[in-house]
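Undergrad: Just so it is clear, I am handing over coords.txt, which has compact mmCIF, C-alpha atoms.
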```txt
# COMPACT_ATOMS: atom_id res chain seq x y z
CA MET A 272 11.22 -76.52 53.19
CA SER A 273 14.32 -77.10 55.28
CA SER A 274 16.96 -74.42 55.39
CA PRO A 275 20.36 -74.91 53.83
CA ARG A 276 21.88 -73.64 57.10
CA TRP A 277 23.77 -76.91 57.53
CA LEU A 278 25.94 -75.75 54.65
CA ALA A 279 26.59 -72.50 56.50
CA MET A 280 27.68 -74.44 59.57
CA LEU A 281 30.31 -76.14 57.41
CA THR A 282 31.23 -73.20 55.21
CA ILE A 283 31.65 -70.47 57.81
CA PRO A 284 34.18 -72.32 60.00
CA MET A 285 36.10 -73.30 56.87
CA MET A 286 36.13 -69.71 55.63
CA ALA A 287 37.12 -68.42 59.05
CA GLY A 288 39.87 -71.01 59.29
CA ALA A 289 41.20 -70.10 55.88
CA ALA A 290 41.17 -66.43 56.83
CA LEU A 291 43.04 -67.15 60.06
CA VAL A 292 45.67 -69.27 58.33
CA SER A 293 46.37 -66.54 55.83
CA SER A 294 49.06 -64.19 57.08
CA ALA A 295 48.09 -61.30 54.83
CA ALA A 296 45.41 -58.89 55.92
CA ILE A 297 42.22 -59.11 53.92
CA ALA A 298 41.40 -55.89 52.16
CA THR A 299 37.95 -55.91 50.67
CA ALA A 300 37.71 -54.43 47.23
CA ASN A 301 33.93 -54.51 47.15
CA PRO A 302 32.22 -51.35 48.39
CA ASP A 303 29.19 -53.41 49.48
CA ASP A 304 31.44 -55.50 51.71
CA ASP A 305 32.96 -52.37 53.23
CA ALA A 306 29.50 -50.88 53.81
CA TYR A 307 28.26 -54.10 55.43
CA LEU A 308 31.22 -54.31 57.80
CA ALA A 309 30.80 -50.62 58.64
CA LYS A 310 27.13 -51.25 59.54
CA LEU A 311 28.17 -54.09 61.83
CA ARG A 312 30.75 -51.88 63.53
CA ALA A 313 28.19 -49.08 63.89
CA ALA A 314 25.86 -51.57 65.60
CA GLY A 315 28.64 -52.31 68.11
CA LEU A 316 29.63 -55.72 66.79
CA THR A 317 33.23 -56.86 66.95
CA TRP A 318 34.88 -59.98 65.59
CA PRO A 319 38.27 -61.67 65.62
CA PRO A 320 40.89 -60.39 63.19
CA ASN A 321 40.81 -61.74 59.65
CA THR A 322 37.29 -63.19 59.84
CA GLU A 323 35.60 -60.58 57.67
CA GLU A 324 35.17 -63.03 54.79
CA ALA A 325 33.13 -65.35 57.03
CA LEU A 326 30.87 -62.45 58.06
CA ILE A 327 30.40 -61.48 54.43
CA GLY A 328 29.62 -65.11 53.55
CA GLU A 329 26.99 -65.21 56.31
CA ALA A 330 25.41 -62.06 54.86
CA HIS A 331 25.01 -63.75 51.49
CA LEU A 332 23.42 -66.74 53.21
CA VAL A 333 20.91 -64.37 54.81
CA CYS A 334 19.83 -63.27 51.33
CA TYR A 335 19.66 -66.89 50.21
CA ASP A 336 17.39 -67.73 53.14
CA LEU A 337 15.20 -64.73 52.35
CA GLU A 338 14.83 -66.00 48.80
CA TRP A 339 13.56 -69.28 50.28
CA ASP A 340 10.84 -67.32 52.08
CA GLN A 341 12.30 -67.41 55.55
CA GLN A 342 11.50 -64.41 57.67
CA PRO A 343 14.30 -62.23 59.05
CA GLN A 344 13.34 -63.23 62.60
CA GLN A 345 13.56 -66.94 61.70
CA ILE A 346 17.00 -66.39 60.20
CA ALA A 347 18.17 -64.42 63.24
CA ASP A 348 16.86 -67.10 65.61
CA HIS A 349 18.72 -69.81 63.72
CA ILE A 350 22.00 -67.89 63.60
CA HIS A 351 21.63 -66.99 67.28
CA ALA A 352 21.15 -70.64 68.20
CA ASN A 353 24.58 -71.32 66.70
CA LEU A 354 26.30 -68.29 68.25
CA ASP A 355 24.63 -67.96 71.64
CA ASN A 356 27.31 -70.07 73.31
CA LYS A 357 29.89 -67.57 72.05
CA GLY A 358 28.12 -64.71 73.85
CA VAL A 359 26.49 -63.21 70.76
CA THR A 360 23.11 -61.72 71.64
CA LEU A 361 19.94 -61.99 69.59
CA LEU A 362 20.00 -58.20 69.20
CA GLN A 363 23.48 -58.40 67.68
CA VAL A 364 22.39 -61.17 65.33
CA GLY A 365 19.35 -59.08 64.38
CA SER A 366 21.73 -56.24 63.50
CA LEU A 367 23.73 -58.64 61.34
CA VAL A 368 20.59 -59.84 59.52
CA ASN A 369 19.36 -56.28 59.00
CA ALA A 370 22.75 -55.10 57.74
CA ALA A 371 22.94 -58.06 55.35
CA HIS A 372 19.42 -57.46 54.10
CA ASN A 373 19.97 -53.72 53.59
CA THR A 374 23.37 -54.15 51.95
CA TYR A 375 23.18 -57.26 49.81
CA CYS A 376 19.49 -57.96 49.24
CA PRO A 377 17.57 -54.67 49.61
CA GLY A 378 15.22 -55.53 46.74
CA TRP A 379 14.04 -58.72 48.41
CA GLN A 380 10.33 -59.26 48.28
CA CYS A 381 8.62 -62.24 49.71
CA ALA A 382 7.65 -64.75 47.05
CA VAL A 383 4.74 -66.00 49.17
CA PRO A 384 3.12 -62.90 50.74
CA SER A 385 0.92 -64.92 53.08
CA LEU A 386 4.08 -66.27 54.75
CA CYS A 387 5.63 -62.83 55.15
CA GLU A 388 2.91 -61.05 57.07
```
Turn the structure described in the file into structure tokens.

TA:
Amino acid sequence: MSSPRWLAMLTIPMMAGAALVSSAAIATANPDDDAYLAKLRAAGLTWPPNTEEALIGEAHLVCYDLEWDQQPQQIADHIHANLDNKGVTLLQVGSLVNAAHNTYCPGWQCAVPSLCE
């Protein structure tokens, strides 16, 4: 089944653009969002100001892809293919996928175990 990543390629730039246009700082009220961003910072990731909402949106897409039986490595490879030209390493993307999985979808279990081995 094809991944809905094309939607992410449209959504993330739009979310990032909206965040950049907004002059007010974004304060997350969700403790999960704060924990996710803290995990990214702890892994050494940095990002432009006011783009937290796009990172949080990407995390939710990671969970969505997991629900469609994609493996974390597949998800990381796909995200990396889109961010490699921006100097984002596969290790950094792996940290993003792991942080998303642990924060937003920790109860994920593969629906098709033979695909998840």

Undergrad: Work out how far apart atom CA of A:Asn301 and atom CA of A:Lys357 are and give it in Å to one decimal.

TA: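 Atom CA of A:Lys357 lies at a distance of 28.4 Å from atom CA of A:Asn301.
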
Undergrad: Could you pull the residues within 10 Å of A:Gln344, counting all atoms listed in the file, minus those fewer than 2 positions along the same chain, as a PyMOL selection string?

TA: chain A and resi 341-342+346-350+361+364-365+368-369

Undergrad: Mind giving me the straight-line distance from atom CA of A:Pro319 to atom CA of A:Pro302 in Å, one decimal?

TA: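 Atom-to-atom, atom CA of A:Pro319 to atom CA of A:Pro302, that is 21.0 Å.
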
Undergrad: Padding of 3 Å on every side, edges along x, y and z, all listed atoms of stretch 332-349 of chain A included: what centre and edge lengths in Å, to one decimal, does that box have, as JSON?

TA:
```
{"center_x": 17.1, "center_y": -66.0, "center_z": 57.2, "size_x": 18.6, "size_y": 13.6, "size_z": 22.8}
```

Undergrad: Using only C-alpha atoms, which residue out of A:Pro343, A:Asn373, A:Leu362, A:Asn356 lies closest to A:Ala306?

TA: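 Under the stated criterion, the closest residue is A:Asn373.
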
Undergrad: Find the residue from A:Val359, A:Ala313, A:Cys376, A:Ala352 that sits nearest to A:Leu332; use only C-alpha atoms when measuring.

TA: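 Smallest distance to A:Leu332 is found for A:Cys376.
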
Undergrad: Please report the interatomic distance between atom CA of A:Thr317 and atom CA of A:His331 in Å with one decimal.

TA: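 Atom CA of A:His331 lies 18.8 Å from atom CA of A:Thr317.
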
Undergrad: I'd like the contact shell of A:Cys334 - 8 Å cut-off, all atoms listed in the file, skipping same-chain residues fewer than 5 positions apart - returned as JSON, numbers by chain.

TA: {"A": [371, 372, 375, 376, 379]}

Undergrad: Which residue out of A:Glu329, A:Gln363, A:Gly378, A:Glu338 has the minimum interatomic distance to A:Leu316 when only C-alpha atoms are used?

TA: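 Using only C-alpha atoms, the shortest distance to A:Leu316 belongs to A:Gln363.
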
Undergrad: Skip A:Lys310 itself and residues of its chain fewer than 3 positions away, then list as a list in words all residues within 9 Å of it, counting all atoms listed in the file.

TA: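 Skipping anything fewer than 3 positions along the chain leaves Asp305, Ala306, Tyr307, Ala313, Ala314, Gly315, Leu316, Ser366, Leu367, Ala370 and Thr374 of chain A.
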